[in-house]
Amino acid sequence: MFAACLVPAADLAWRAFTPDGLGVNPIEEAEIFTGLWTLRFLAITLAVTPARELLRLGFLARYRRMLGLFTFFYACVHLAMWAGVDWFFAWGLMAGEIGKHRYILVGMASFVLLVPLALTSTNGAVRRLGGRRWARLHRLIYLIAIGGTVHYLWAVKKDTLFPLVYLSVFVGLLAYRVATRWTLRRTGPARSPSGAANAAVLQHSE
Amino acid sequence: MLIRKPDDIEPSEITPERDYVNRRAFLKMAGGVGALAAGSALAPRLLRSALVADGPPEDTPNTWDQITSYNNYYEFGTDKADPKANAQQLRTSPWSVEVAGLCRKPGHYALDDLFRSVTRVDRVYRLRCVEAWSMVVPWNGYVLGDVLRRLEPEPGAKYVQFTTLYDPQQMPGQRRPILQWPYVEGLRMDEAMHPLALLVTGLYGKPLPKQDGAPVRLVVPWKYGFKGIKAIVKIEFVEQQPTTTWMRAWPEAYGFYANVNPTVDHPQWTQSVERRIGEWRRRPTQMFNGYGDQVASLYAGMDLRKNF
């Protein structure tokens, strides 16, 4: 699974070394590529819980943390491309970009929100925070998912088809949570699909 | 060299000396990016860029490959690679252009008739896209004003409006309502008559590739690239300012004039800098894309922040 998650990164590295592997505008291509893979890993991470519950694929739970961290990894590469290669650490210009263009602002905000989630991904952090507080903190992921997709939506010039596809996937994954919570409240905790239970799963997955 | 420099554009105009690449900055960049984990994969290309920085002047033409595989031409798809992949089926011959509106020679013209007895010119122009990238392109074609004058515009004609072919069969991008089809562009009459504005039919001395707008497109080098309407089927002399396709799509972001202007940002792109395709670092964008000496007088007294 770990190796599979590295395939897009390896593909990017391979194409960077191949003549014209990244096309005529390689910086733009690498940014789009890493941005899309960030969103894809985020969707895969959020799909673990529904897959576990609906398809009874319980073993997936053990990979959820790793998938989440790969989301963070691709977000880091995406940001590093933008800051290091695209703008070449021109801090002043980059600050201007964040202030002037709303798609960059919302993307940057989503990344900042992702950092505490990555930092509290260890077993120790779950213990220290306590399952309930940890779960509440990690609910930020839904905000990040919407923020990341809006970043994509606002970044495209006119053709919003793909951003809207991503947005509907995330809205669907979010709606699933809302629906299960709602049924849970009505029928009592027969199953424990989300929230603190997920923190427990995380702790026991090692 | 395939391309003859036109008499009225000195090489020094195309390549201002102050814009010559700063070698030290390039070496610093190569070192800095080498330190980046993400950037390290790209090191060979950076090294090559750093080496190239010593040599040629700045406005060297982009390669045939770059010009023909990185295109904004939504009639064939919104990805930069789509036009090359999807445009090849377009029938560009025979091709007829309808001339209409306020002129004495309206009618349907075969392309050859439109250009009959007009002098063919070769021009190396900078092309600045509104998306903040740029290229240098050796075009072949005709001075737009030379063509228009032969159509004898009437005094009431204040603007020229151009229209792209509408044919969803041949242009798959038109099957989705991304923009309002067909694509429409326009120029004020004095802009259209300016000697820098071209109708282009060739690139690098060869027929214009379909993904670049064959068989005939507009090139207005001091304006953003989207003014350069492709696959033109209609030229109309009108009294009122045309509403162009991008104005209709997003009026706050796209104006009629669309002159390259580093001081007026687009909501999505900062216009003070640009990335020349093939280069790593951005370079400053010049007012009127560097053609201010020739065209600034067209806009004397106009507020270009309002008339963007």
# chains A, B, ... in the order shown; residues from 1 in each chain; ligands from 1

call {"tool": "residues_around", "arguments": {"residues": "A:Val169", "least_positions_apart": "4", "cutoff": "12 Å", "atoms": "only C-alpha atoms", "output": "PyMOL selection string"}}
result
chain A and resi 39-40+42-44+46-47+142+145-146+149+162-165+173-176

call {"tool": "interface_residues", "arguments": {"of": "chain A", "to": "chain B", "cutoff": "8 Å", "atoms": "only C-alpha atoms", "output": "PyMOL selection string"}}
result
chain A and resi 13+16-17+24-25+27+77+80-81+84-88+97+100-103+155+158-159

call {"tool": "write_last_selection", "arguments": {"atoms": "N, CA and C atoms", "output": "CSV table (one decimal), in the first residue's frame"}}
result
chain,number,residue,atom,x,y,z
A,13,ALA,N,8.5,12.2,-10.9
A,13,ALA,CA,10.0,12.2,-11.0
A,13,ALA,C,10.5,11.7,-12.3
A,16,ALA,N,9.8,14.1,-15.0
A,16,ALA,CA,10.7,15.3,-14.9
A,16,ALA,C,12.0,15.0,-15.6
A,17,PHE,N,12.5,13.8,-15.5
A,17,PHE,CA,13.8,13.4,-16.1
A,17,PHE,C,13.7,13.1,-17.6
A,24,VAL,N,5.4,21.3,-22.3
A,24,VAL,CA,6.1,22.6,-22.7
A,24,VAL,C,6.2,23.5,-21.5
A,25,ASN,N,5.3,23.4,-20.5
A,25,ASN,CA,5.3,24.2,-19.3
A,25,ASN,C,5.3,23.3,-18.1
A,27,ILE,N,6.5,23.4,-15.1
A,27,ILE,CA,6.2,23.9,-13.7
A,27,ILE,C,4.7,23.8,-13.5
A,77,VAL,N,4.4,18.7,-1.4
A,77,VAL,CA,5.1,18.8,-2.7
A,77,VAL,C,4.5,19.9,-3.6
A,80,ALA,N,5.6,23.1,-2.2
A,80,ALA,CA,7.0,23.3,-2.5
A,80,ALA,C,7.2,23.7,-3.9
A,81,MET,N,6.5,23.1,-4.8
A,81,MET,CA,6.6,23.4,-6.3
A,81,MET,C,6.2,24.9,-6.5
A,84,GLY,N,8.9,27.0,-4.3
A,84,GLY,CA,10.4,26.9,-4.6
A,84,GLY,C,10.7,26.9,-6.1
A,85,VAL,N,9.8,26.4,-6.9
A,85,VAL,CA,10.1,26.3,-8.3
A,85,VAL,C,9.4,27.4,-9.1
A,86,ASP,N,8.1,27.5,-8.8
A,86,ASP,CA,7.2,28.5,-9.5
A,86,ASP,C,7.6,29.9,-9.2
A,87,TRP,N,7.7,30.2,-7.9
A,87,TRP,CA,8.0,31.6,-7.5
A,87,TRP,C,9.4,31.7,-6.9
A,88,PHE,N,10.2,30.7,-6.9
A,88,PHE,CA,11.6,30.7,-6.4
A,88,PHE,C,11.8,31.5,-5.2
A,97,GLU,N,0.6,37.3,-4.0
A,97,GLU,CA,-0.2,36.4,-4.6
A,97,GLU,C,-1.4,35.9,-3.7
A,100,LYS,N,-3.8,38.7,-3.3
A,100,LYS,CA,-4.6,39.2,-4.5
A,100,LYS,C,-5.5,38.1,-5.0
A,101,HIS,N,-5.2,36.9,-4.9
A,101,HIS,CA,-6.0,35.9,-5.6
A,101,HIS,C,-6.6,34.9,-4.6
A,102,ARG,N,-7.9,34.9,-4.6
A,102,ARG,CA,-8.7,34.2,-3.6
A,102,ARG,C,-8.4,32.7,-3.7
A,103,TYR,N,-8.1,32.2,-4.9
A,103,TYR,CA,-7.9,30.7,-5.0
A,103,TYR,C,-6.6,30.3,-4.3
A,155,ALA,N,-9.3,28.2,-9.4
A,155,ALA,CA,-8.0,28.3,-10.2
A,155,ALA,C,-8.2,28.1,-11.7
A,158,LYS,N,-12.2,28.6,-17.0
A,158,LYS,CA,-13.6,28.7,-17.3
A,158,LYS,C,-14.2,27.3,-17.3
A,159,ASP,N,-13.5,26.2,-17.5
A,159,ASP,CA,-14.0,24.9,-17.6
A,159,ASP,C,-14.1,24.3,-16.2

call {"tool": "select_by_dssp", "arguments": {"residues": "stretch 73-183 of chain B", "states": "alpha helix (DSSP H)", "output": "MDAnalysis selection string"}}
result
chainID B and resid 82:86 111:114 144:150

call {"tool": "write_last_selection", "arguments": {"atoms": "C-alpha atoms", "output": "PDB file, in the first residue's frame"}}
result
ATOM      1  CA  ASP B  82      -6.170  19.288 -26.527  1.00  0.00           C
ATOM      2  CA  PRO B  83      -5.963  21.503 -29.629  1.00  0.00           C
ATOM      3  CA  LYS B  84      -3.021  19.592 -31.086  1.00  0.00           C
ATOM      4  CA  ALA B  85      -4.821  16.311 -30.434  1.00  0.00           C
ATOM      5  CA  ASN B  86      -8.280  17.372 -31.640  1.00  0.00           C
ATOM      6  CA  LEU B 111      -8.907  33.085 -48.654  1.00  0.00           C
ATOM      7  CA  ASP B 112      -6.687  33.686 -51.699  1.00  0.00           C
ATOM      8  CA  ASP B 113      -9.008  36.443 -52.906  1.00  0.00           C
ATOM      9  CA  LEU B 114      -8.986  38.128 -49.509  1.00  0.00           C
ATOM     10  CA  LEU B 144      -4.558  43.522 -41.213  1.00  0.00           C
ATOM     11  CA  GLY B 145      -4.938  47.157 -42.281  1.00  0.00           C
ATOM     12  CA  ASP B 146      -3.751  46.335 -45.817  1.00  0.00           C
ATOM     13  CA  VAL B 147      -6.498  43.726 -46.090  1.00  0.00           C
ATOM     14  CA  LEU B 148      -9.213  45.881 -44.525  1.00  0.00           C
ATOM     15  CA  ARG B 149      -8.463  48.933 -46.678  1.00  0.00           C
ATOM     16  CA  ARG B 150      -9.121  46.897 -49.809  1.00  0.00           C
TER      17      ARG B 150
END

call {"tool": "closest_residue", "arguments": {"among": "B:Asp293, B:Tyr142, B:Thr245, B:Thr163", "to": "B:Ser117", "atoms": "only C-alpha atoms"}}
result
B:Tyr142

call {"tool": "residues_around", "arguments": {"residues": "stretch 113-116 of chain A", "least_positions_apart": "2", "cutoff": "10 Å", "atoms": "only C-alpha atoms", "output": "list in words"}}
result
Gly68, Leu69, Thr71, Phe72, Ala75, Cys76, Met108, Ala109, Ser110, Phe111, Ala118, Leu119, Thr120, Ser121, Leu137, His138, Leu140, Ile141, Leu143, Ile144, Ala145 and Gly147 of chain A

call {"tool": "residues_around", "arguments": {"residues": "B:Trp64", "least_positions_apart": "4", "cutoff": "12 Å", "atoms": "only C-alpha atoms", "output": "ChimeraX atom specification"}}
result
/A:24 /B:68-70,135-139,202-206,208-209,212

call {"tool": "write_last_selection", "arguments": {"atoms": "N, CA and C atoms", "output": "PDB file, in the first residue's frame"}}
result
ATOM      1  N   VAL A  24       5.426  21.341 -22.348  1.00  0.00           N
ATOM      2  CA  VAL A  24       6.067  22.611 -22.689  1.00  0.00           C
ATOM      3  C   VAL A  24       6.186  23.526 -21.470  1.00  0.00           C
TER       4      VAL A  24
ATOM      5  N   THR B  68       3.327  24.771 -31.078  1.00  0.00           N
ATOM      6  CA  THR B  68       2.252  23.952 -31.649  1.00  0.00           C
ATOM      7  C   THR B  68       1.730  22.868 -30.698  1.00  0.00           C
ATOM      8  N   SER B  69       2.244  22.825 -29.462  1.00  0.00           N
ATOM      9  CA  SER B  69       1.728  21.798 -28.539  1.00  0.00           C
ATOM     10  C   SER B  69       1.228  22.383 -27.219  1.00  0.00           C
ATOM     11  N   TYR B  70       1.188  23.703 -27.120  1.00  0.00           N
ATOM     12  CA  TYR B  70       0.721  24.365 -25.901  1.00  0.00           C
ATOM     13  C   TYR B  70      -0.202  25.491 -26.339  1.00  0.00           C
ATOM     14  N   MET B 135       5.354  33.670 -25.115  1.00  0.00           N
ATOM     15  CA  MET B 135       6.215  33.027 -26.102  1.00  0.00           C
ATOM     16  C   MET B 135       6.708  34.100 -27.065  1.00  0.00           C
ATOM     17  N   VAL B 136       7.661  33.719 -27.914  1.00  0.00           N
ATOM     18  CA  VAL B 136       8.051  34.561 -29.042  1.00  0.00           C
ATOM     19  C   VAL B 136       7.792  33.740 -30.297  1.00  0.00           C
ATOM     20  N   VAL B 137       7.030  34.315 -31.212  1.00  0.00           N
ATOM     21  CA  VAL B 137       6.528  33.517 -32.338  1.00  0.00           C
ATOM     22  C   VAL B 137       6.863  34.179 -33.668  1.00  0.00           C
ATOM     23  N   PRO B 138       7.500  33.440 -34.579  1.00  0.00           N
ATOM     24  CA  PRO B 138       7.739  33.977 -35.927  1.00  0.00           C
ATOM     25  C   PRO B 138       6.544  33.711 -36.838  1.00  0.00           C
ATOM     26  N   TRP B 139       5.692  34.717 -36.977  1.00  0.00           N
ATOM     27  CA  TRP B 139       4.476  34.568 -37.790  1.00  0.00           C
ATOM     28  C   TRP B 139       4.744  34.931 -39.249  1.00  0.00           C
ATOM     29  N   GLY B 202       0.685  31.701 -41.508  1.00  0.00           N
ATOM     30  CA  GLY B 202       1.852  30.832 -41.487  1.00  0.00           C
ATOM     31  C   GLY B 202       2.657  30.986 -40.211  1.00  0.00           C
ATOM     32  N   LEU B 203       3.483  29.972 -39.965  1.00  0.00           N
ATOM     33  CA  LEU B 203       4.333  29.941 -38.777  1.00  0.00           C
ATOM     34  C   LEU B 203       5.662  29.320 -39.188  1.00  0.00           C
ATOM     35  N   TYR B 204       6.765  29.995 -38.862  1.00  0.00           N
ATOM     36  CA  TYR B 204       8.075  29.480 -39.230  1.00  0.00           C
ATOM     37  C   TYR B 204       8.171  29.184 -40.727  1.00  0.00           C
ATOM     38  N   GLY B 205       7.490  29.966 -41.543  1.00  0.00           N
ATOM     39  CA  GLY B 205       7.567  29.771 -42.981  1.00  0.00           C
ATOM     40  C   GLY B 205       6.745  28.609 -43.502  1.00  0.00           C
ATOM     41  N   LYS B 206       6.021  27.944 -42.626  1.00  0.00           N
ATOM     42  CA  LYS B 206       5.153  26.834 -43.041  1.00  0.00           C
ATOM     43  C   LYS B 206       3.693  27.244 -42.854  1.00  0.00           C
ATOM     44  N   LEU B 208       0.158  27.680 -41.342  1.00  0.00           N
ATOM     45  CA  LEU B 208      -0.235  27.740 -39.934  1.00  0.00           C
ATOM     46  C   LEU B 208      -0.846  26.408 -39.504  1.00  0.00           C
ATOM     47  N   PRO B 209      -0.329  25.772 -38.429  1.00  0.00           N
ATOM     48  CA  PRO B 209      -0.943  24.518 -37.963  1.00  0.00           C
ATOM     49  C   PRO B 209      -2.365  24.758 -37.463  1.00  0.00           C
ATOM     50  N   ASP B 212      -3.025  26.160 -34.075  1.00  0.00           N
ATOM     51  CA  ASP B 212      -2.653  27.558 -33.882  1.00  0.00           C
ATOM     52  C   ASP B 212      -3.606  28.515 -34.588  1.00  0.00           C
TER      53      ASP B 212
END

call {"tool": "residues_around", "arguments": {"residues": "stretch 298-304 of chain B", "least_positions_apart": "2", "cutoff": "9 Å", "atoms": "only C-alpha atoms", "output": "ChimeraX atom specification"}}
result
/B:190-191,257,259,261,264,294-296,306-308

call {"tool": "residues_around", "arguments": {"residues": "stretch 4-7 of chain A", "least_positions_apart": "5", "cutoff": "10 Å", "atoms": "only C-alpha atoms", "output": "PyMOL selection string"}}
result
chain A and resi 12-13+37+41+66-67+70-71+73-74

call {"tool": "atom_distance", "arguments": {"atom1": "atom CA of A:His151", "atom2": "atom CA of A:Met94"}}
result
16.1 Å

call {"tool": "residues_around", "arguments": {"residues": "B:Lys234", "least_positions_apart": "2", "cutoff": "8 Å", "atoms": "only C-alpha atoms", "output": "PyMOL selection string"}}
result
chain B and resi 97-100+161-164+232+236

call {"tool": "closest_residue", "arguments": {"among": "B:Gln240, B:Asn140, B:Asn289, B:Thr92", "to": "B:Asp122", "atoms": "only C-alpha atoms"}}
result
B:Asn140

call {"tool": "atom_distance", "arguments": {"atom1": "atom CA of A:Val106", "atom2": "atom CA of B:Phe226"}}
result
27.3 Å
